[in-house]
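In what follows, a structure is listed as structure tokens, so that the remarks can point back to it.
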Amino acid sequence: RTSHVAMASHSLAVAPSPALATITRARQRPSGRGCGRHPRAAAGGRWVTAAGAEQPVGKMAEATLIPLSGEGVRDARIPAAPGVYAIYDDAEELQYVGLSRKVAASVKLHAFELPQQCGFVRCVAVPEAAKADLQLAWKQWMTEYLGASGGNLPPGNVRGNTLWSERKGRPAKGNIFLTDGAGGAVEDTALTRLCREAVDSHNVVAFIKGTRKEPECGFSYRMCAMLDELGVDYETIDALDEVHNHNLRNVLKDFSDWPTIPQLYHRGELVGGHDILEEMRASGELKALLAGQ
């Protein structure tokens with residue numbers, strides 16, 4: 001599960017902003033237990049790390065507003081590092097301020113889980129951050145917003161709102177690979193044969209983009225979510241993994257005679273893509289098909 005901490009307080013909140021702020025941290029952690037100081041606020045929009053070094057945390061209002069629609073969730077300006085982030089809806093109204101060990105992964109899952117609330121993001125990376133460092137950076141952004149909003153919290157940070165902070169439980173089961181990746185690229189005909197072996201060897205196989213823990217597209221996320229909801233034991237194969245599944249993205253189109261990814265197979269037969277699964281889920285047909293797998 002993506003490491004993610006959500007915080008809410010009746011005395012804190014945050015404001016809009018424009019330019020991705022990244023904290024450059026040259027920090028040496030003290031060795032031994034209890035050696036460091038707890039971070040504390042410092043004057044002039046700066047804060048003190050557990051190691052006692054002052055660091056600037058850019059204002060939320062000065063961080064770039066990054067669109068999340070389309071391929072926006074993969075924007076390189078959204079850091080994979082620890083940091084804080086603010087999510088806005090399409091009207092650029094702040095919805096939630098969070099902190100995460102992997103900002104990009106958390107933002108991506110928010111966008112997949114709550115697409116109507118996720119239009120834009122502002123974020124700041126805090127590399128090598130301790131938990132207390134992230135909490136203090138988060139507090140700074142929230143305090144900024146509270147001052148601008150007259151003391152109102154973002155909706156997602158209001159006490160009792162669990163939409164943003166509680167992720168749906170997802171098994172830690174990893175992808176299966178069509179090759180070991182050691183022999184380089186394989187011929188398309190060989191990969192087609194390996195696809196057939198995979199769907200014949202497992203009752204339920206989902207060809208997706210990414211992993212079930214960190215999907216690379218909203219359709220893959222929702223397909224896995226439907227299978228998780230039904231308690232199905234299933235395998236996943238990443239169509240974007242060029243090391244273990246070279247050119248699978250293209251091979252799949254011929255293998256299944258289906259143009260899009262994700263794709264679900266049941267007992268060796270293609271069930272369909274995301275849209276078909278949504279229809280089958282709504283009618284109860286998917287549950288009936290996969291009962292007992």
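Identifiers in the structure tokens: chain A, B, ... in order shown; residue index from 1 per chain; ligand index from 1 in order shown.
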
Near Asn250 of chain A, counting only C-alpha atoms, which residues have an atom at most 10 Å away, once you skip same-chain residues fewer than 2 positions from it, shown as a ChimeraX atom specification? /A:188,239,246-248,252-255,259-260

Members of segment 93-175 of chain A assigned strand (DSSP E) by DSSP, as a list in words: Leu94, Gln95, Tyr96, Val97, Gly98, Leu99, Ser100, Phe120, Val121, Arg122, Cys123, Val124 and Ala125 of chain A

Store the residues picked out above in a file with all heavy atoms, as a compact mmCIF listing (two decimals), in the first residue's frame.
```txt
# COMPACT_ATOMS: atom_id res chain seq x y z
N LEU A 94 -9.99 24.09 -3.71
CA LEU A 94 -9.20 23.12 -2.95
C LEU A 94 -10.09 22.07 -2.30
O LEU A 94 -11.09 22.40 -1.65
CB LEU A 94 -8.38 23.83 -1.87
CG LEU A 94 -7.43 22.92 -1.07
CD1 LEU A 94 -6.32 22.37 -1.96
CD2 LEU A 94 -6.83 23.68 0.11
N GLN A 95 -9.74 20.79 -2.47
CA GLN A 95 -10.52 19.69 -1.92
C GLN A 95 -9.80 18.97 -0.79
O GLN A 95 -10.44 18.48 0.13
CB GLN A 95 -10.84 18.68 -3.03
CG GLN A 95 -11.68 19.24 -4.16
CD GLN A 95 -13.03 19.71 -3.68
OE1 GLN A 95 -13.77 18.96 -3.05
NE2 GLN A 95 -13.37 20.96 -3.97
N TYR A 96 -8.48 18.91 -0.86
CA TYR A 96 -7.75 18.09 0.11
C TYR A 96 -6.27 18.44 0.12
O TYR A 96 -5.69 18.73 -0.93
CB TYR A 96 -7.91 16.61 -0.26
CG TYR A 96 -7.20 15.63 0.65
CD1 TYR A 96 -7.65 15.40 1.95
CD2 TYR A 96 -6.07 14.94 0.22
CE1 TYR A 96 -7.00 14.50 2.78
CE2 TYR A 96 -5.42 14.04 1.05
CZ TYR A 96 -5.89 13.82 2.32
OH TYR A 96 -5.24 12.94 3.15
N VAL A 97 -5.68 18.42 1.29
CA VAL A 97 -4.23 18.58 1.43
C VAL A 97 -3.71 17.33 2.14
O VAL A 97 -4.21 16.94 3.20
CB VAL A 97 -3.86 19.83 2.24
CG1 VAL A 97 -2.33 19.92 2.42
CG2 VAL A 97 -4.38 21.08 1.56
N GLY A 98 -2.74 16.66 1.52
CA GLY A 98 -2.23 15.42 2.09
C GLY A 98 -0.72 15.39 2.09
O GLY A 98 -0.04 16.27 1.55
N LEU A 99 -0.18 14.38 2.72
CA LEU A 99 1.26 14.13 2.70
C LEU A 99 1.47 12.65 2.43
O LEU A 99 0.62 11.82 2.71
CB LEU A 99 1.91 14.55 4.02
CG LEU A 99 1.39 13.95 5.32
CD1 LEU A 99 2.16 12.69 5.68
CD2 LEU A 99 1.52 14.96 6.45
N SER A 100 2.59 12.33 1.81
CA SER A 100 2.80 10.97 1.35
C SER A 100 4.29 10.67 1.22
O SER A 100 5.10 11.56 0.98
CB SER A 100 2.12 10.76 -0.01
OG SER A 100 2.41 9.49 -0.55
N PHE A 120 -6.83 19.25 -10.50
CA PHE A 120 -5.49 19.82 -10.49
C PHE A 120 -4.78 19.44 -9.19
O PHE A 120 -5.42 19.06 -8.21
CB PHE A 120 -5.54 21.35 -10.57
CG PHE A 120 -6.23 21.89 -11.79
CD1 PHE A 120 -7.60 22.11 -11.79
CD2 PHE A 120 -5.51 22.18 -12.95
CE1 PHE A 120 -8.25 22.61 -12.92
CE2 PHE A 120 -6.14 22.69 -14.07
CZ PHE A 120 -7.51 22.91 -14.06
N VAL A 121 -3.46 19.57 -9.20
CA VAL A 121 -2.68 19.32 -7.99
C VAL A 121 -1.55 20.34 -7.89
O VAL A 121 -1.01 20.79 -8.90
CB VAL A 121 -2.10 17.89 -7.97
CG1 VAL A 121 -1.08 17.67 -9.09
CG2 VAL A 121 -1.46 17.57 -6.61
N ARG A 122 -1.22 20.73 -6.69
CA ARG A 122 0.01 21.46 -6.38
C ARG A 122 0.81 20.58 -5.42
O ARG A 122 0.22 19.94 -4.55
CB ARG A 122 -0.29 22.80 -5.71
CG ARG A 122 -1.20 23.74 -6.51
CD ARG A 122 -1.35 25.06 -5.75
NE ARG A 122 -2.47 25.84 -6.25
CZ ARG A 122 -2.40 26.71 -7.25
NH1 ARG A 122 -1.24 26.87 -7.87
NH2 ARG A 122 -3.46 27.40 -7.63
N CYS A 123 2.11 20.55 -5.56
CA CYS A 123 2.88 19.66 -4.70
C CYS A 123 4.29 20.19 -4.44
O CYS A 123 4.80 21.00 -5.21
CB CYS A 123 2.94 18.25 -5.29
SG CYS A 123 3.24 18.18 -7.05
N VAL A 124 4.86 19.73 -3.36
CA VAL A 124 6.24 20.06 -3.02
C VAL A 124 6.92 18.78 -2.53
O VAL A 124 6.36 18.04 -1.74
CB VAL A 124 6.32 21.16 -1.95
CG1 VAL A 124 5.58 20.78 -0.69
CG2 VAL A 124 7.77 21.49 -1.62
N ALA A 125 8.09 18.50 -3.05
CA ALA A 125 8.84 17.32 -2.64
C ALA A 125 9.66 17.64 -1.41
O ALA A 125 10.19 18.73 -1.25
CB ALA A 125 9.77 16.86 -3.77
```

Between atom CA of Gln263 of chain A and atom CA of Ile208 of chain A, what is the distance in Å, rounded to a tenth? 6.8 Å

List the spatial neighbours of segment 112-115 of chain A as a ChimeraX atom specification - criterion: any atom at most 10 Å away, only C-alpha atoms, same-chain residues fewer than 5 positions off excluded. /A:68-69,73,89-90,106-107,163-164,167-168,215-222,225

Return as a PyMOL selection string the full set of residues in segment 151-263 of chain A whose backbone-based DSSP assignment is helix (DSSP H, G or I). chain A and resi 155-157+188-201+218-229+248-256

Would you output that residue set with N, CA and C atoms, as a tab-separated table (two decimals), in the first residue's frame?
```tsv
chain	number	residue	atom	x	y	z
A	155	PRO	N	-12.62	20.43	2.22
A	155	PRO	CA	-13.64	19.40	2.51
A	155	PRO	C	-13.05	18.05	2.88
A	156	GLY	N	-12.00	17.65	2.18
A	156	GLY	CA	-11.41	16.33	2.44
A	156	GLY	C	-10.66	16.23	3.73
A	157	ASN	N	-10.35	17.36	4.37
A	157	ASN	CA	-9.62	17.35	5.63
A	157	ASN	C	-10.52	17.56	6.84
A	188	ASP	N	7.43	-11.80	-31.22
A	188	ASP	CA	6.01	-11.63	-30.96
A	188	ASP	C	5.27	-12.96	-30.93
A	189	THR	N	5.68	-13.88	-31.79
A	189	THR	CA	5.01	-15.19	-31.82
A	189	THR	C	5.23	-15.94	-30.51
A	190	ALA	N	6.44	-15.80	-29.95
A	190	ALA	CA	6.74	-16.45	-28.68
A	190	ALA	C	5.93	-15.82	-27.56
A	191	LEU	N	5.78	-14.50	-27.60
A	191	LEU	CA	5.02	-13.81	-26.56
A	191	LEU	C	3.54	-14.17	-26.65
A	192	THR	N	3.04	-14.33	-27.85
A	192	THR	CA	1.66	-14.75	-28.04
A	192	THR	C	1.43	-16.13	-27.40
A	193	ARG	N	2.40	-17.03	-27.61
A	193	ARG	CA	2.30	-18.37	-27.01
A	193	ARG	C	2.32	-18.27	-25.49
A	194	LEU	N	3.15	-17.38	-24.94
A	194	LEU	CA	3.23	-17.21	-23.49
A	194	LEU	C	1.95	-16.61	-22.93
A	195	CYS	N	1.30	-15.75	-23.70
A	195	CYS	CA	0.00	-15.21	-23.27
A	195	CYS	C	-1.03	-16.34	-23.16
A	196	ARG	N	-1.03	-17.21	-24.14
A	196	ARG	CA	-1.95	-18.33	-24.13
A	196	ARG	C	-1.69	-19.24	-22.94
A	197	GLU	N	-0.43	-19.50	-22.66
A	197	GLU	CA	-0.08	-20.34	-21.51
A	197	GLU	C	-0.55	-19.69	-20.21
A	198	ALA	N	-0.41	-18.37	-20.11
A	198	ALA	CA	-0.80	-17.67	-18.89
A	198	ALA	C	-2.30	-17.74	-18.65
A	199	VAL	N	-3.10	-17.47	-19.67
A	199	VAL	CA	-4.56	-17.46	-19.47
A	199	VAL	C	-5.11	-18.87	-19.33
A	200	ASP	N	-4.40	-19.88	-19.84
A	200	ASP	CA	-4.84	-21.27	-19.68
A	200	ASP	C	-4.41	-21.83	-18.33
A	201	SER	N	-3.37	-21.25	-17.73
A	201	SER	CA	-2.83	-21.78	-16.47
A	201	SER	C	-3.48	-21.17	-15.24
A	218	GLY	N	-6.67	4.82	-15.15
A	218	GLY	CA	-7.90	4.71	-14.37
A	218	GLY	C	-8.71	3.47	-14.70
A	219	PHE	N	-8.69	3.04	-15.96
A	219	PHE	CA	-9.45	1.85	-16.35
A	219	PHE	C	-8.86	0.60	-15.70
A	220	SER	N	-7.53	0.52	-15.64
A	220	SER	CA	-6.89	-0.62	-14.97
A	220	SER	C	-7.21	-0.61	-13.49
A	221	TYR	N	-7.19	0.58	-12.90
A	221	TYR	CA	-7.54	0.70	-11.48
A	221	TYR	C	-8.95	0.17	-11.24
A	222	ARG	N	-9.90	0.61	-12.09
A	222	ARG	CA	-11.29	0.23	-11.84
A	222	ARG	C	-11.56	-1.25	-12.13
A	223	MET	N	-10.83	-1.83	-13.09
A	223	MET	CA	-11.00	-3.26	-13.32
A	223	MET	C	-10.54	-4.05	-12.10
A	224	CYS	N	-9.38	-3.68	-11.56
A	224	CYS	CA	-8.90	-4.37	-10.35
A	224	CYS	C	-9.85	-4.13	-9.18
A	225	ALA	N	-10.39	-2.92	-9.09
A	225	ALA	CA	-11.32	-2.61	-8.00
A	225	ALA	C	-12.57	-3.48	-8.08
A	226	MET	N	-13.08	-3.72	-9.28
A	226	MET	CA	-14.26	-4.58	-9.44
A	226	MET	C	-13.95	-6.01	-9.01
A	227	LEU	N	-12.77	-6.52	-9.39
A	227	LEU	CA	-12.40	-7.88	-9.02
A	227	LEU	C	-12.16	-7.99	-7.52
A	228	ASP	N	-11.54	-6.96	-6.94
A	228	ASP	CA	-11.31	-6.95	-5.49
A	228	ASP	C	-12.64	-6.93	-4.75
A	229	GLU	N	-13.58	-6.14	-5.25
A	229	GLU	CA	-14.89	-6.02	-4.63
A	229	GLU	C	-15.61	-7.37	-4.58
A	248	LEU	N	4.25	-6.36	-25.32
A	248	LEU	CA	2.96	-6.98	-25.02
A	248	LEU	C	1.80	-6.05	-25.38
A	249	ARG	N	2.01	-4.77	-25.24
A	249	ARG	CA	0.94	-3.81	-25.53
A	249	ARG	C	0.41	-3.99	-26.96
A	250	ASN	N	1.31	-4.28	-27.89
A	250	ASN	CA	0.90	-4.49	-29.27
A	250	ASN	C	0.49	-5.93	-29.54
A	251	VAL	N	1.20	-6.88	-28.94
A	251	VAL	CA	0.91	-8.30	-29.15
A	251	VAL	C	-0.51	-8.63	-28.69
A	252	LEU	N	-0.94	-8.00	-27.58
A	252	LEU	CA	-2.27	-8.27	-27.03
A	252	LEU	C	-3.38	-8.00	-28.03
A	253	LYS	N	-3.21	-6.99	-28.85
A	253	LYS	CA	-4.26	-6.63	-29.81
A	253	LYS	C	-4.54	-7.77	-30.78
A	254	ASP	N	-3.48	-8.46	-31.18
A	254	ASP	CA	-3.65	-9.60	-32.08
A	254	ASP	C	-4.08	-10.85	-31.32
A	255	PHE	N	-3.50	-11.01	-30.12
A	255	PHE	CA	-3.82	-12.20	-29.32
A	255	PHE	C	-5.30	-12.26	-28.98
A	256	SER	N	-5.85	-11.14	-28.56
A	256	SER	CA	-7.24	-11.11	-28.09
A	256	SER	C	-8.22	-10.61	-29.14
```

Could you give me, as a list in words, the residues within 9 Å of Phe207 of chain A, counting only C-alpha atoms and dropping anything in the same chain fewer than 2 positions from it?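 Skipping anything fewer than 2 positions along the chain leaves Val205, Lys209, Ser220, Glu235, Thr236, Ile237, Asp238, Ala239, Leu252, Ile261, Pro262, Gln263, Leu264 and Tyr265 of chain A.
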
Write out the residues from the selection above, keeping N, CA, C and O atoms, as a tab-separated table (two decimals), in the first residue's frame.
```
chain	number	residue	atom	x	y	z
A	205	VAL	N	-7.28	-13.88	-15.28
A	205	VAL	CA	-6.08	-13.08	-15.60
A	205	VAL	C	-6.52	-11.73	-16.14
A	205	VAL	O	-7.34	-11.65	-17.05
A	209	LYS	N	-2.38	-2.05	-17.08
A	209	LYS	CA	-1.23	-1.15	-17.15
A	209	LYS	C	-0.79	-0.85	-15.73
A	209	LYS	O	-1.53	-0.26	-14.96
A	220	SER	N	-7.53	0.52	-15.64
A	220	SER	CA	-6.89	-0.62	-14.97
A	220	SER	C	-7.21	-0.61	-13.49
A	220	SER	O	-7.50	-1.65	-12.89
A	235	GLU	N	-4.89	-13.01	-11.29
A	235	GLU	CA	-3.51	-12.65	-11.61
A	235	GLU	C	-3.51	-11.42	-12.50
A	235	GLU	O	-4.47	-11.18	-13.25
A	236	THR	N	-2.45	-10.65	-12.42
A	236	THR	CA	-2.31	-9.48	-13.28
A	236	THR	C	-1.01	-9.57	-14.08
A	236	THR	O	0.00	-10.10	-13.61
A	237	ILE	N	-1.05	-9.06	-15.29
A	237	ILE	CA	0.13	-8.99	-16.16
A	237	ILE	C	0.22	-7.55	-16.67
A	237	ILE	O	-0.76	-7.03	-17.21
A	238	ASP	N	1.37	-6.94	-16.49
A	238	ASP	CA	1.56	-5.54	-16.86
A	238	ASP	C	1.92	-5.41	-18.34
A	238	ASP	O	3.01	-5.83	-18.76
A	239	ALA	N	1.03	-4.81	-19.10
A	239	ALA	CA	1.26	-4.64	-20.54
A	239	ALA	C	2.32	-3.58	-20.84
A	239	ALA	O	2.78	-3.46	-21.97
A	252	LEU	N	-0.94	-8.00	-27.58
A	252	LEU	CA	-2.27	-8.27	-27.03
A	252	LEU	C	-3.38	-8.00	-28.03
A	252	LEU	O	-4.41	-8.70	-28.04
A	261	ILE	N	-6.65	-1.86	-23.57
A	261	ILE	CA	-6.18	-2.44	-22.32
A	261	ILE	C	-6.76	-1.57	-21.20
A	261	ILE	O	-6.75	-0.34	-21.33
A	262	PRO	N	-7.30	-2.20	-20.15
A	262	PRO	CA	-7.14	-3.59	-19.69
A	262	PRO	C	-8.07	-4.58	-20.39
A	262	PRO	O	-9.06	-4.19	-21.02
A	263	GLN	N	-7.72	-5.86	-20.19
A	263	GLN	CA	-8.52	-6.97	-20.70
A	263	GLN	C	-8.60	-8.05	-19.62
A	263	GLN	O	-7.61	-8.31	-18.92
A	264	LEU	N	-9.76	-8.67	-19.51
A	264	LEU	CA	-9.93	-9.74	-18.52
A	264	LEU	C	-10.18	-11.07	-19.22
A	264	LEU	O	-11.00	-11.15	-20.14
A	265	TYR	N	-9.48	-12.09	-18.75
A	265	TYR	CA	-9.67	-13.46	-19.23
A	265	TYR	C	-10.18	-14.33	-18.09
A	265	TYR	O	-9.74	-14.19	-16.94
```
